[in-house]
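Reviewing the structure listed below.
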Amino acid sequence: MDNEQNRDLKVREMIQQNKQNVSLNSVTEKLMPRFLFVVAIISIITTIGIVITLLTETVHFFRDVSFAEFFTGTELSPLGSDAEFGILPLVTGTIISSTIAMFVAIPIGLMSAIFLSEYASEGVRRTLKPLLEVLAGIPTIVYGFFAFTFVTPLLRTIIPGLEPTNILSPGLVMGVMIIPMIASLSEDAMSSVPNAMREGALALGATKLETTWRVVIPAAMSGIVASFVLGISRAIGETMIVTIASGSSKNFTFDVTQSMQTMTAYIVEVTGGEAPAGSTLYYSLYAVAMTLFVFTLIMNLIAQYISKRFREGY
Amino acid sequence: MKYVDSAQVQKNMGGRLRTNQIMKILFLISTLIGLVVLVVLFYRVLADGLGWINMNFLTNRLSVDADRAGIMGAILGTLWLMLVVAPVTMFLGIGTAIYLEEYAKKGRFQSFIQTNIANLAGVPSIVFGILGLTVFVRGMGLGNIVLAGGLTMALLVLPIVVVASQEALRSVPQFLREASYGMGATKWQTIKKVVLPAAIPGILTGVILALSRAVGETAPLTVIGIPALLIPFPDSILDKFTVLPMQIYYWTIDSALVAEYSNLAAATIVILLLILLIMNSIAVIIRNKFQKRY
């Protein structure tokens with residue numbers, strides 16, 4: 001009797017405990033999604049944070065400097081009493097360095113992709129592709145060192161007029177850095193073209209080159225172009241290589257043997273100099289960063305649009 | 001009678017086949033160009049730097065005197081930075097991935113977060129530096145300490161962790177979840193005890209790759225303002241710090257003044273690349289060893 005009562009109590013306790021557990025569980029069940037939702041929102045807050053920081057300080061900047069002066073001014077001399085804030089020298093610097101980079105990265109990247117996807121045997125592909133991707137894993141500061149201490153001196157023996165800091169050398173090195181990105185993304189696009197299409201072309205008597213050129217590349221075009229656009233975006237945002245190897249002259253020129261400054265390098269120079277908060281110089285940092293942000297955002301959106309809109313489903 | 005005139009075929013095809021062969025060699029050469037640059041780069045760095053690496057270089061403080069300069073401070077700074085970046089970015093990244101993969105309904109909002117993360121991955125790192133400078137360094141008044149730099153870096157590498165974790169979670173087969181539900185487990189219990197353990201190798205690989213990106217990243221830290229001066233070793237996340245890439249940066253731009261600085265930069269690069277190599281090897285080992293195929 002006593003024993004039975006005891007057991008009864010125990011069972012009751014267990015049921016009680018179980019109920020508590022269940023209610024605790026249901027609380028976690030309810031809270032967890034909300035908690036994780038808040039965590040997921042942080043990525044959006046980051047974006048909003050970037051936009052708000054850039055916008056508010058850029059507005060301050062345009063109280064001191066007119067739109068017209070900023071976007072059409074060819075002179076940038078932010079220090080001193082008669083400071084000029086024209087962004088064009090930085091924009092040309094950015095465009096020229098990116099163009100040089102793409103002259104290297106697009107042909108070599110695409111040709112590497114063709115080789116890896118169409119010509120190389122499986123074994124060769126498996127060895128070469130990871131090796132190529134090592135290039136993408138090297139920190140940009142190392143490329144900067146390489147451009148400054150090796151490529152520039154080398155180029156100076158070939159091109160005598162080349163200045164110790166110039167836009168050509170970082171542009172070329174940046175191109176090498178972007179090769180694996182274009183090669184890898186284009187290769188993915190070309191590999192996803194179904195074999196039946198290649199076989200169709202080969203059966204009609206086309207050579208491998210003709211098959212690649214007339215069938216595979218047109219079919220993979222959206223992925224290939226998207227990889228080019230992403231490469232350009234990467235080149236525009238690249239900082240350390242140009243900061244180290246291209247110097248800080250704010251030349252408005254198209255002569256690649258000269259030192260030029262990109263938007264990114266300007267930001268490094270101004271923050272490194274500890275610009276006093278509240279000065280026009282300080283706000284110019286945000287105006288330039290805003291321009292850079294818009295440039296790269298547009299590029300990324302274009303890339304996303306291309307790869308979504310023109311993707312061929314097989 | 002012959003249906004095929006082989007001479008004619010030879011005449012027509014010969015040129016095309018030759019072009020094919022020539023182009024094949026050209027394609028091979030361009031693939032090798034990247035690798036040649038890689039070899040030259042490694043050779044260059046090793047030739048300049050290897051001779052300068054010794055115990056003193058690894059354990060000394062910074063010094064303007066090239067013979068006595070060491071990178072202990074930068075190594076410690078890098079470690080402290082990782083101590084902030086790793087937990088923050090794992091917490092945010094894995095949390096976001098779980099929400100997107102397990103909880104969020106497929107729809108506008110989910111694809112909005114997804115697009116946002118893709119765009120965040122494309123924002124230049126220097127812009128993150130400006131965000132860090134404005135929000136953490138000045139806005140919160142933290143100053144240029146490890147915590148401010150770490151939070152900035154954590155946000156920068158967040159998209160890498162999110163995308164890798166999402167892929168890992170997606171590769172956990174549905175039947176594992178269903179088995180767990182069948183046993184009476186709730187959704188969170190299933191995620192915690194079944195899905196996450198199955199996905200952890202993939203997630204860890206992504207986290208390590210994200211950290212190795214943070215170890216090599218320089219631009220955001222130049223914006224935050226890492227001093228080039230001789231500062232004491234950091235002892236906590238609230239101390240000022242420097243990291244290996246920053247040290248390489250200062251030594252490289254000053255190599256015009258003191259030639260030996262270029263060797264010091266190269267030696268630091270060797271150490272940095274060694275750290276990255278170790279981290280990436282760990283990632284590869286985890287991926288190969290623990291990843292199950294269902």
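By order in the structure tokens, chains are A, B, ...; within a chain, residues start at 1; ligands start at 1, following the order shown.
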Contact residues around Ile191 of chain B with only C-alpha atoms at 9 Å, ignoring same-chain residues under 6 positions, as a PDB file with all heavy atoms, in the first residue's frame:
```
ATOM      1  N   ILE B  98      20.669  29.358 -40.506  1.00  0.00           N
ATOM      2  CA  ILE B  98      19.601  28.499 -39.966  1.00  0.00           C
ATOM      3  C   ILE B  98      18.248  29.142 -40.214  1.00  0.00           C
ATOM      4  O   ILE B  98      17.291  28.491 -40.648  1.00  0.00           O
ATOM      5  CB  ILE B  98      19.795  28.257 -38.446  1.00  0.00           C
ATOM      6  CG1 ILE B  98      21.062  27.443 -38.197  1.00  0.00           C
ATOM      7  CG2 ILE B  98      18.590  27.528 -37.861  1.00  0.00           C
ATOM      8  CD1 ILE B  98      21.355  27.246 -36.734  1.00  0.00           C
ATOM      9  N   GLU B 102      15.974  26.937 -42.501  1.00  0.00           N
ATOM     10  CA  GLU B 102      15.058  26.083 -41.740  1.00  0.00           C
ATOM     11  C   GLU B 102      13.736  26.776 -41.395  1.00  0.00           C
ATOM     12  O   GLU B 102      12.709  26.137 -41.299  1.00  0.00           O
ATOM     13  CB  GLU B 102      15.737  25.623 -40.442  1.00  0.00           C
ATOM     14  CG  GLU B 102      17.081  24.942 -40.646  1.00  0.00           C
ATOM     15  CD  GLU B 102      16.962  23.578 -41.318  1.00  0.00           C
ATOM     16  OE1 GLU B 102      15.950  22.902 -41.088  1.00  0.00           O
ATOM     17  OE2 GLU B 102      17.884  23.216 -42.069  1.00  0.00           O
ATOM     18  N   ARG B 177      15.791  14.749 -40.970  1.00  0.00           N
ATOM     19  CA  ARG B 177      14.867  15.609 -40.230  1.00  0.00           C
ATOM     20  C   ARG B 177      13.571  14.850 -39.948  1.00  0.00           C
ATOM     21  O   ARG B 177      13.049  14.882 -38.839  1.00  0.00           O
ATOM     22  CB  ARG B 177      14.549  16.861 -41.043  1.00  0.00           C
ATOM     23  CG  ARG B 177      15.721  17.784 -41.249  1.00  0.00           C
ATOM     24  CD  ARG B 177      15.260  19.065 -41.931  1.00  0.00           C
ATOM     25  NE  ARG B 177      16.370  19.973 -42.184  1.00  0.00           N
ATOM     26  CZ  ARG B 177      17.175  19.897 -43.232  1.00  0.00           C
ATOM     27  NH1 ARG B 177      16.995  18.940 -44.126  1.00  0.00           N
ATOM     28  NH2 ARG B 177      18.162  20.758 -43.389  1.00  0.00           N
ATOM     29  N   PRO B 197      24.693  19.000 -36.215  1.00  0.00           N
ATOM     30  CA  PRO B 197      25.832  18.067 -36.197  1.00  0.00           C
ATOM     31  C   PRO B 197      26.157  17.501 -37.579  1.00  0.00           C
ATOM     32  O   PRO B 197      27.318  17.314 -37.911  1.00  0.00           O
ATOM     33  CB  PRO B 197      25.349  16.951 -35.259  1.00  0.00           C
ATOM     34  CG  PRO B 197      24.359  17.603 -34.380  1.00  0.00           C
ATOM     35  CD  PRO B 197      23.679  18.628 -35.220  1.00  0.00           C
TER      36      PRO B 197
END
```
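For segment 54-63 of chain A, the list of residues within 7 Å, based on only C-alpha atoms and with local chain neighbours fewer than 2 positions off taken out, reads Ile50, Val51, Ile52, Val65, Ser66, Phe67, Thr280, Tyr283, Ser284, Tyr286, Ala287 and Met290 of chain A.
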Practice problem: Show which residues sit within 6 Å of segment 244-256 of chain A, as a ChimeraX atom specification. Count only C-alpha atoms, and ignore same-chain residues fewer than 2 positions away. | Solution: /A:89,144,148,165-168,170,241-242,258-261
Would you mind exporting the chosen residues as an mmCIF file, in the first residue's frame, restricted to N, CA and C atoms?
```cif
data_model
loop_
_atom_site.group_PDB
_atom_site.id
_atom_site.type_symbol
_atom_site.label_atom_id
_atom_site.label_comp_id
_atom_site.auth_asym_id
_atom_site.auth_seq_id
_atom_site.Cartn_x
_atom_site.Cartn_y
_atom_site.Cartn_z
ATOM 1 N N PRO A 89 39.948 63.135 -61.222
ATOM 2 C CA PRO A 89 41.250 62.449 -61.218
ATOM 3 C C PRO A 89 41.153 61.049 -60.608
ATOM 4 N N GLY A 144 50.387 43.678 -53.655
ATOM 5 C CA GLY A 144 50.884 45.044 -53.613
ATOM 6 C C GLY A 144 52.391 45.067 -53.480
ATOM 7 N N PHE A 148 55.055 46.441 -56.316
ATOM 8 C CA PHE A 148 55.944 47.553 -55.972
ATOM 9 C C PHE A 148 57.413 47.152 -56.045
ATOM 10 N N THR A 165 56.355 55.103 -59.036
ATOM 11 C CA THR A 165 54.977 54.691 -58.768
ATOM 12 C C THR A 165 54.170 55.060 -59.998
ATOM 13 N N ASN A 166 53.427 54.084 -60.507
ATOM 14 C CA ASN A 166 52.664 54.306 -61.742
ATOM 15 C C ASN A 166 51.434 53.424 -61.710
ATOM 16 N N ILE A 167 50.528 53.678 -62.627
ATOM 17 C CA ILE A 167 49.270 52.945 -62.609
ATOM 18 C C ILE A 167 49.378 51.633 -63.390
ATOM 19 N N LEU A 168 50.384 51.533 -64.257
ATOM 20 C CA LEU A 168 50.483 50.363 -65.131
ATOM 21 C C LEU A 168 50.752 49.085 -64.329
ATOM 22 N N PRO A 170 50.427 48.252 -60.979
ATOM 23 C CA PRO A 170 49.329 47.697 -60.168
ATOM 24 C C PRO A 170 48.171 47.198 -61.023
ATOM 25 N N ILE A 241 46.748 47.068 -53.579
ATOM 26 C CA ILE A 241 47.709 47.031 -54.691
ATOM 27 C C ILE A 241 47.937 48.438 -55.232
ATOM 28 N N VAL A 242 46.841 49.163 -55.488
ATOM 29 C CA VAL A 242 46.992 50.505 -56.051
ATOM 30 C C VAL A 242 47.535 51.486 -55.021
ATOM 31 N N GLN A 258 52.361 57.233 -65.518
ATOM 32 C CA GLN A 258 52.403 58.165 -64.395
ATOM 33 C C GLN A 258 51.709 57.614 -63.168
ATOM 34 N N SER A 259 52.017 58.255 -62.047
ATOM 35 C CA SER A 259 51.349 57.909 -60.808
ATOM 36 C C SER A 259 49.944 58.494 -60.817
ATOM 37 N N MET A 260 48.952 57.672 -60.447
ATOM 38 C CA MET A 260 47.579 58.154 -60.349
ATOM 39 C C MET A 260 46.994 57.606 -59.074
ATOM 40 N N GLN A 261 45.942 58.245 -58.610
ATOM 41 C CA GLN A 261 45.299 57.732 -57.403
ATOM 42 C C GLN A 261 43.899 57.235 -57.741
#
```
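Residues within 10 Å of Leu169 of chain B, counting only C-alpha atoms and excluding same-chain residues fewer than 2 positions away, are Ile94, Ala97, Ile98, Leu100, Glu101, Glu102, Val163, Ala164, Ser165, Gln166, Glu167, Ser171, Val172, Pro173, Ile191, Val195, Leu196, Pro197, Ala198, Ala199, Ile200, Gly202 and Ile203 of chain B.
Remark: for chain A, the closest of the candidate residues B:Leu142, B:Val284, B:Ile237, B:Ala179 is B:Val284 (distances computed over only C-alpha atoms).
With only C-alpha atoms taken into account, the protein and nucleic acid residues at most 9 Å from Ser184 of chain A (excluding it and anything under 2 positions from it in its own chain) are Gly109, Ser112, Ala113, Lys129, Leu132, Glu133, Ile179, Pro180, Met181, Ile182, Ser186, Glu187, Asp188, Ala189 and Ser227 of chain A.
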